[in-house]
$ cat target-v4.txt   # compact mmCIF, C-alpha atoms
# COMPACT_ATOMS: atom_id res chain seq x y z
CA MET A 23 -16.87 2.95 -1.31
CA ARG A 24 -15.98 0.40 -3.99
CA ILE A 25 -12.80 -1.55 -3.23
CA ALA A 26 -10.58 -3.74 -5.40
CA ILE A 27 -7.82 -5.81 -3.80
CA HIS A 28 -5.00 -7.62 -5.58
CA GLN A 29 -1.44 -8.76 -5.08
CA PRO A 30 1.34 -6.75 -6.78
CA THR A 31 1.50 -7.68 -10.46
CA TYR A 32 4.32 -6.89 -12.88
CA TRP A 33 3.00 -4.71 -15.72
CA PRO A 34 -0.59 -5.96 -15.20
CA TRP A 35 -2.91 -7.27 -17.89
CA LEU A 36 -6.02 -5.42 -19.02
CA GLY A 37 -8.40 -7.54 -16.95
CA LEU A 38 -6.80 -6.45 -13.69
CA LEU A 39 -6.69 -2.81 -14.81
CA ASP A 40 -10.38 -3.03 -15.72
CA LYS A 41 -11.25 -4.15 -12.18
CA ILE A 42 -9.13 -1.45 -10.59
CA ALA A 43 -10.53 1.28 -12.86
CA LYS A 44 -14.03 0.49 -11.57
CA SER A 45 -13.07 0.97 -7.92
CA ASP A 46 -12.72 3.99 -5.63
CA LEU A 47 -9.91 2.41 -3.63
CA PHE A 48 -7.34 -0.13 -4.72
CA VAL A 49 -5.52 -2.01 -1.96
CA VAL A 50 -2.21 -3.57 -3.01
CA LEU A 51 -2.04 -6.90 -1.16
CA ASP A 52 1.69 -6.76 -0.45
CA ASN A 53 1.54 -8.23 3.06
CA VAL A 54 1.30 -11.85 1.85
CA ASN A 55 3.80 -14.39 0.54
CA VAL A 56 4.99 -14.50 -3.05
CA SER A 57 3.81 -17.48 -5.09
CA LYS A 58 6.57 -19.04 -7.16
CA GLY A 59 5.72 -19.15 -10.87
CA SER A 60 2.91 -16.61 -10.54
CA PHE A 61 2.24 -13.43 -12.50
CA GLN A 62 3.29 -11.39 -9.47
CA TYR A 63 6.89 -10.94 -10.60
CA ARG A 64 6.56 -11.82 -14.29
CA ASN A 65 4.11 -11.40 -17.15
CA GLN A 66 3.51 -12.42 -20.75
CA PHE A 67 4.46 -10.29 -23.72
CA LEU A 68 4.18 -10.84 -27.48
CA CYS A 69 7.33 -12.11 -29.18
CA ASN A 70 7.11 -13.03 -32.87
CA GLY A 71 3.40 -13.71 -32.55
CA VAL A 72 3.75 -15.92 -29.46
CA ALA A 73 3.16 -15.11 -25.78
CA LYS A 74 6.40 -15.34 -23.83
CA PHE A 75 7.27 -14.51 -20.24
CA ILE A 76 9.54 -11.72 -19.09
CA THR A 77 10.50 -12.49 -15.50
CA LEU A 78 12.11 -10.30 -12.88
CA PRO A 79 15.24 -11.98 -11.48
CA VAL A 80 14.12 -12.23 -7.88
CA ARG A 81 15.13 -14.43 -4.97
CA ILE A 82 12.18 -16.49 -3.72
CA ASP A 83 12.66 -18.72 -0.71
CA LEU A 84 10.05 -20.56 1.33
CA ASN A 85 7.52 -18.08 2.77
CA THR A 86 9.08 -15.02 1.12
CA ASN A 87 6.86 -12.04 1.87
CA PHE A 88 6.41 -9.37 -0.80
CA THR A 89 8.09 -6.81 1.43
CA GLN A 90 11.18 -9.07 1.54
CA LEU A 91 11.41 -9.68 -2.22
CA GLN A 92 14.92 -8.89 -3.46
CA PHE A 93 16.66 -8.91 -6.83
CA LYS A 94 19.22 -11.63 -7.54
CA SER A 95 21.57 -9.34 -9.45
CA ASN A 96 22.34 -5.68 -9.99
CA ASN A 97 21.87 -5.67 -13.77
CA TRP A 98 18.13 -6.36 -13.71
CA LYS A 99 17.24 -2.98 -15.22
CA GLU A 100 19.36 -3.59 -18.33
CA GLN A 101 18.03 -7.13 -18.53
CA GLN A 102 14.38 -6.10 -18.49
CA LEU A 103 14.92 -3.35 -21.05
CA SER A 104 16.82 -5.77 -23.28
CA PHE A 105 13.89 -8.21 -23.26
CA LEU A 106 11.38 -5.48 -24.04
CA ARG A 107 13.59 -4.12 -26.82
CA ASN A 108 14.00 -7.55 -28.41
CA TYR A 109 10.28 -8.32 -28.21
CA TYR A 110 8.95 -5.00 -29.46
CA HIS A 111 11.63 -3.27 -31.55
CA LYS A 112 9.48 -3.76 -34.67
CA ALA A 113 6.28 -2.49 -33.01
CA LYS A 114 4.67 0.57 -34.59
CA TYR A 115 5.01 2.73 -31.45
CA PHE A 116 8.30 1.36 -30.15
CA LYS A 117 10.09 4.72 -30.53
CA ILE A 118 7.44 6.35 -28.33
CA ILE A 119 6.88 3.73 -25.62
CA PHE A 120 10.40 2.36 -25.16
CA PRO A 121 12.04 5.69 -24.19
CA ILE A 122 9.33 6.13 -21.54
CA LEU A 123 10.15 2.69 -20.14
CA GLU A 124 13.88 3.40 -20.26
CA LYS A 125 13.36 6.50 -18.15
CA PHE A 126 11.04 4.57 -15.82
CA TYR A 127 13.61 1.86 -15.06
CA GLN A 128 16.55 4.24 -14.88
CA ASN A 129 14.76 6.50 -12.38
CA PHE A 130 13.54 3.69 -10.12
CA ASP A 131 15.09 4.02 -6.67
CA GLY A 132 12.83 1.82 -4.54
CA LYS A 133 14.00 -0.42 -1.73
CA ASN A 134 13.23 -3.83 -3.24
CA ALA A 135 11.57 -5.78 -6.05
CA CYS A 136 8.11 -5.36 -4.55
CA ASP A 137 8.48 -1.59 -4.83
CA LEU A 138 9.38 -1.99 -8.51
CA ILE A 139 6.36 -4.21 -9.18
CA VAL A 140 4.04 -1.73 -7.49
CA GLU A 141 5.61 1.10 -9.49
CA THR A 142 4.85 -0.77 -12.75
CA MET A 143 1.22 -0.89 -11.65
CA LEU A 144 1.19 2.84 -10.89
CA LYS A 145 2.82 3.60 -14.25
CA SER A 146 0.15 1.48 -15.93
CA PHE A 147 -2.52 3.56 -14.16
CA ASP A 148 -0.82 6.64 -15.59
CA PHE A 149 -0.72 5.19 -19.11
CA PHE A 150 -4.45 4.41 -19.04
CA GLU A 151 -5.57 7.40 -16.96
CA ILE A 152 -6.89 5.29 -14.09
CA ASP A 153 -7.75 7.62 -11.23
CA VAL A 154 -8.03 5.60 -8.03
CA LYS A 155 -6.89 6.01 -4.43
CA ILE A 156 -4.18 3.48 -3.54
CA GLU A 157 -3.21 1.87 -0.23
CA ARG A 158 -0.62 -0.81 0.51
CA ALA A 159 -1.79 -3.50 2.92
CA SER A 160 1.70 -3.74 4.43
CA ASN A 161 1.17 -0.29 5.96
CA TYR A 162 -1.57 -1.71 8.19
CA HIS A 163 -1.77 -4.44 10.82
CA PHE A 164 -4.11 -6.90 9.12
CA SER A 165 -3.95 -10.40 10.60
CA GLU A 166 -6.28 -12.65 8.60
CA SER A 167 -5.53 -14.69 5.46
CA LYS A 168 -7.13 -15.43 2.09
CA GLY A 169 -10.85 -14.61 1.97
CA ASN A 170 -10.96 -13.49 5.58
CA LEU A 171 -8.14 -11.04 4.87
CA VAL A 172 -10.19 -9.59 2.02
CA TYR A 173 -13.14 -9.18 4.38
CA GLU A 174 -10.91 -7.61 7.04
CA ILE A 175 -9.62 -5.05 4.55
CA CYS A 176 -13.09 -4.25 3.21
CA SER A 177 -14.40 -3.80 6.73
CA TYR A 178 -11.48 -1.59 7.77
CA PHE A 179 -11.99 0.80 4.85
CA ASN A 180 -15.80 0.81 5.24
CA ALA A 181 -16.46 -0.68 1.83
CA ASN A 182 -20.01 -1.19 0.65
CA THR A 183 -18.88 -3.01 -2.52
CA TYR A 184 -15.98 -5.40 -3.08
CA ILE A 185 -15.10 -5.88 -6.76
CA SER A 186 -13.78 -9.39 -7.17
CA GLY A 187 -12.28 -11.29 -10.07
CA GLN A 188 -13.82 -14.62 -11.01
CA GLY A 189 -10.76 -16.48 -9.71
CA ALA A 190 -11.57 -15.51 -6.12
CA LYS A 191 -14.59 -17.84 -6.09
CA GLN A 192 -12.28 -20.74 -5.20
CA TYR A 193 -11.69 -19.37 -1.68
CA MET A 194 -14.89 -17.34 -1.16
CA ASP A 195 -17.01 -20.10 0.39
CA GLU A 196 -20.69 -19.72 1.35
CA THR A 197 -19.87 -18.87 4.98
CA LEU A 198 -17.59 -16.02 3.95
CA ILE A 199 -20.02 -14.73 1.33
CA ARG A 200 -22.75 -14.71 3.98
CA LYS A 201 -20.42 -12.75 6.28
CA PHE A 202 -20.04 -10.08 3.59
CA LYS A 203 -23.81 -9.93 3.11
CA GLU A 204 -24.60 -9.71 6.84
CA ASN A 205 -22.24 -6.75 7.13
CA ASN A 206 -23.72 -4.96 4.09
CA ILE A 207 -20.72 -5.44 1.82
CA HIS A 208 -21.89 -6.35 -1.67
CA ILE A 209 -19.63 -8.64 -3.71
CA GLU A 210 -19.56 -7.58 -7.34
CA TRP A 211 -18.11 -10.30 -9.56
CA GLN A 212 -16.15 -8.79 -12.40
CA ARG A 213 -17.38 -9.46 -15.91
CA PHE A 214 -14.46 -8.93 -18.25
CA HIS A 215 -14.37 -9.51 -21.98
CA HIS A 216 -10.96 -8.93 -23.51
CA PRO A 217 -10.80 -6.23 -26.19
CA HIS A 218 -9.25 -7.16 -29.53
CA TYR A 219 -6.75 -4.64 -30.78
CA TYR A 220 -4.11 -4.51 -33.47
CA GLN A 221 -1.32 -7.07 -33.12
CA PRO A 222 1.08 -8.07 -35.95
CA LEU A 223 0.12 -11.74 -35.84
CA ASP A 224 -0.01 -13.00 -39.43
CA ASN A 225 -2.33 -16.04 -39.22
CA ASN A 226 -1.78 -16.97 -35.56
CA GLY A 227 -4.87 -15.19 -34.22
CA PHE A 228 -5.22 -12.59 -31.49
CA VAL A 229 -3.38 -13.34 -28.22
CA GLU A 230 -5.28 -12.39 -25.06
CA GLY A 231 -4.07 -11.89 -21.51
CA LEU A 232 -0.78 -10.14 -22.22
CA SER A 233 0.74 -7.31 -20.24
CA CYS A 234 -0.88 -3.94 -20.91
CA LEU A 235 2.41 -2.85 -22.50
CA ASP A 236 1.54 -4.95 -25.55
CA LEU A 237 -1.46 -2.75 -26.32
CA LEU A 238 0.68 0.38 -25.91
CA PHE A 239 3.55 -0.78 -28.11
CA HIS A 240 1.25 -1.73 -30.99
CA ASN A 241 -1.39 1.00 -30.76
CA GLY A 242 0.13 4.05 -29.05
CA ILE A 243 -0.93 5.85 -25.90
CA ASP A 244 -4.07 7.77 -26.90
CA PRO A 245 -5.64 4.96 -28.99
CA SER A 246 -4.83 2.48 -26.20
CA ARG A 247 -6.57 4.68 -23.65
CA GLN A 248 -9.61 4.85 -25.89
CA ILE A 249 -9.67 1.08 -26.42
CA PHE A 250 -9.36 0.48 -22.69
CA LYS A 251 -12.05 2.99 -21.67
CA LEU A 252 -14.53 1.83 -24.29
CA ASN A 253 -14.01 -1.76 -23.19
CA CYS A 254 -14.62 -0.79 -19.54
CA GLN A 255 -17.92 0.80 -20.59
CA LYS A 256 -18.85 -2.23 -22.66
CA ASN A 257 -18.18 -4.62 -19.78
CA ASN A 258 -20.41 -2.50 -17.53
CA LEU A 259 -23.30 -3.00 -19.95
CA ILE A 260 -22.96 -6.79 -20.26

$ encode --input "target-v4.txt" --output "C-alpha cells"
Amino acid sequence: MRIAIHQPTYWPWLGLLDKIAKSDLFVVLDNVNVSKGSFQYRNQFLCNGVAKFITLPVRIDLNTNFTQLQFKSNNWKEQQLSFLRNYYHKAKYFKIIFPILEKFYQNFDGKNACDLIVETMLKSFDFFEIDVKIERASNYHFSESKGNLVYEICSYFNANTYISGQGAKQYMDETLIRKFKENNIHIEWQRFHHPHYYQPLDNNGFVEGLSCLDLLFHNGIDPSRQIFKLNCQKNNLI
C-alpha cells in the first residue's frame, strides 16, 4: 500500500499530480486549517507569458478549517471562468478545454469551497487518467498534527510506503522518521523534474509550476496525458 497525503489544492500543479499518480491511495488532508496565501485555494496560470494567480474568493478567518471554508460571494463561478477565459482565450486548445471547464463549474453543487477544490483535483485526475483510490481525512477521527498526523494516517490505512514531497522534510524530524522505520513504513521522497511543453512565451523562457490546466490549454488532452505519463516514467528512472 503506497500512500500520498496532501491538503486540497486548487487545480493542482504537475508535481503534485505526479506524486499522487504513483500512489495506491491518496488521502485528501481536509481536516486541517487553511493557510492564508497558500496554493490551497488559488494557483498560478499563464497570462501573457507571465505566471499570475487566480484565487477563489473565500472567507478565511483565524483557524478556519477546510470543512468550514465558504465563498465570499455568489458570483464566484462566473468570476473564475472569466479569469480563465481572459488568460487562455488565445491558447491553441481553448475551444476544447474551456467548454469542459464551463460545464464543470456550472454543474458543481457541493456544500462549500473545500468541496469545489477537491472536485478540481478529481477533475484533474480525470484529465490525466490518474487511477487512485481517494479518501478524505475529515471522514475519520484523526487527532494528531503535522508529521504525526501523516504517521497516524499511514498507520490507519496499513501503508508500507509513504510518498512524500521534498517540502515535508521541514517537519519530518529524525524522531518521526525513526518512528516510520520502526513500524515498517518506508518514506519515499519524491524526485520530480518538471516537463517542458509548448507554451507561447516569445523570449521569456518556459514557466514551471503552473496549474495543470496550462498544459491542457496549450497542448490538448491526449498530448498532455502523454507528456504527463512519460514524465512520470522518467522521474521513476532518475

$ residues_around --input "target-v4.txt" --residues "Cys176 in chain A" --least-positions-apart "3" --cutoff "12 Å" --atoms "all atoms listed in the file" --output "VMD selection string"
chain A and resid 23 to 27 47 to 49 159 164 169 to 173 179 to 186 201 to 202 205 to 209

$ closest_residue --input "target-v4.txt" --among "A:Gln212, A:Asn96, A:Ser246, A:Ser233" --to "Gln62 in chain A" --atoms "only C-alpha atoms"
A:Ser233

$ residues_near_point --input "target-v4.txt" --point "(-9.1, -5.9, -11.0)" --cutoff "12 Å" --atoms "only C-alpha atoms" --output "compact mmCIF listing (two decimals) with C-alpha atoms, in the frame of the given file"
# COMPACT_ATOMS: atom_id res chain seq x y z
CA ARG A 24 -15.98 0.40 -3.99
CA ILE A 25 -12.80 -1.55 -3.23
CA ALA A 26 -10.58 -3.74 -5.40
CA ILE A 27 -7.82 -5.81 -3.80
CA HIS A 28 -5.00 -7.62 -5.58
CA GLN A 29 -1.44 -8.76 -5.08
CA PRO A 30 1.34 -6.75 -6.78
CA THR A 31 1.50 -7.68 -10.46
CA PRO A 34 -0.59 -5.96 -15.20
CA TRP A 35 -2.91 -7.27 -17.89
CA LEU A 36 -6.02 -5.42 -19.02
CA GLY A 37 -8.40 -7.54 -16.95
CA LEU A 38 -6.80 -6.45 -13.69
CA LEU A 39 -6.69 -2.81 -14.81
CA ASP A 40 -10.38 -3.03 -15.72
CA LYS A 41 -11.25 -4.15 -12.18
CA ILE A 42 -9.13 -1.45 -10.59
CA ALA A 43 -10.53 1.28 -12.86
CA LYS A 44 -14.03 0.49 -11.57
CA SER A 45 -13.07 0.97 -7.92
CA ASP A 46 -12.72 3.99 -5.63
CA LEU A 47 -9.91 2.41 -3.63
CA PHE A 48 -7.34 -0.13 -4.72
CA VAL A 49 -5.52 -2.01 -1.96
CA VAL A 50 -2.21 -3.57 -3.01
CA MET A 143 1.22 -0.89 -11.65
CA PHE A 147 -2.52 3.56 -14.16
CA ILE A 152 -6.89 5.29 -14.09
CA VAL A 154 -8.03 5.60 -8.03
CA TYR A 184 -15.98 -5.40 -3.08
CA ILE A 185 -15.10 -5.88 -6.76
CA SER A 186 -13.78 -9.39 -7.17
CA GLY A 187 -12.28 -11.29 -10.07
CA GLN A 188 -13.82 -14.62 -11.01
CA GLY A 189 -10.76 -16.48 -9.71
CA ALA A 190 -11.57 -15.51 -6.12
CA GLU A 210 -19.56 -7.58 -7.34
CA TRP A 211 -18.11 -10.30 -9.56
CA GLN A 212 -16.15 -8.79 -12.40
CA ARG A 213 -17.38 -9.46 -15.91
CA PHE A 214 -14.46 -8.93 -18.25
CA CYS A 254 -14.62 -0.79 -19.54

$ atom_distance --input "target-v4.txt" --atom1 "CA of Glu151 in chain A" --atom2 "CA of Ile249 in chain A"
12.1 Å

$ atom_distance --input "target-v4.txt" --atom1 "CA of Ser95 in chain A" --atom2 "CA of Ile139 in chain A"
16.1 Å

$ closest_residue --input "target-v4.txt" --among "A:Phe126, A:Leu232, A:Asn53, A:Gly227" --to "Ile76 in chain A" --atoms "all atoms listed in the file"
A:Leu232

$ residues_around --input "target-v4.txt" --residues "Phe105 in chain A" --least-positions-apart "2" --cutoff "10 Å" --atoms "only C-alpha atoms" --output "tab-separated table (two decimals) with C-alpha atoms, in the frame of the given file"
chain	number	residue	atom	x	y	z
A	67	PHE	CA	4.46	-10.29	-23.72
A	69	CYS	CA	7.33	-12.11	-29.18
A	75	PHE	CA	7.27	-14.51	-20.24
A	76	ILE	CA	9.54	-11.72	-19.09
A	77	THR	CA	10.50	-12.49	-15.50
A	100	GLU	CA	19.36	-3.59	-18.33
A	101	GLN	CA	18.03	-7.13	-18.53
A	102	GLN	CA	14.38	-6.10	-18.49
A	103	LEU	CA	14.92	-3.35	-21.05
A	107	ARG	CA	13.59	-4.12	-26.82
A	108	ASN	CA	14.00	-7.55	-28.41
A	109	TYR	CA	10.28	-8.32	-28.21
A	110	TYR	CA	8.95	-5.00	-29.46
A	111	HIS	CA	11.63	-3.27	-31.55
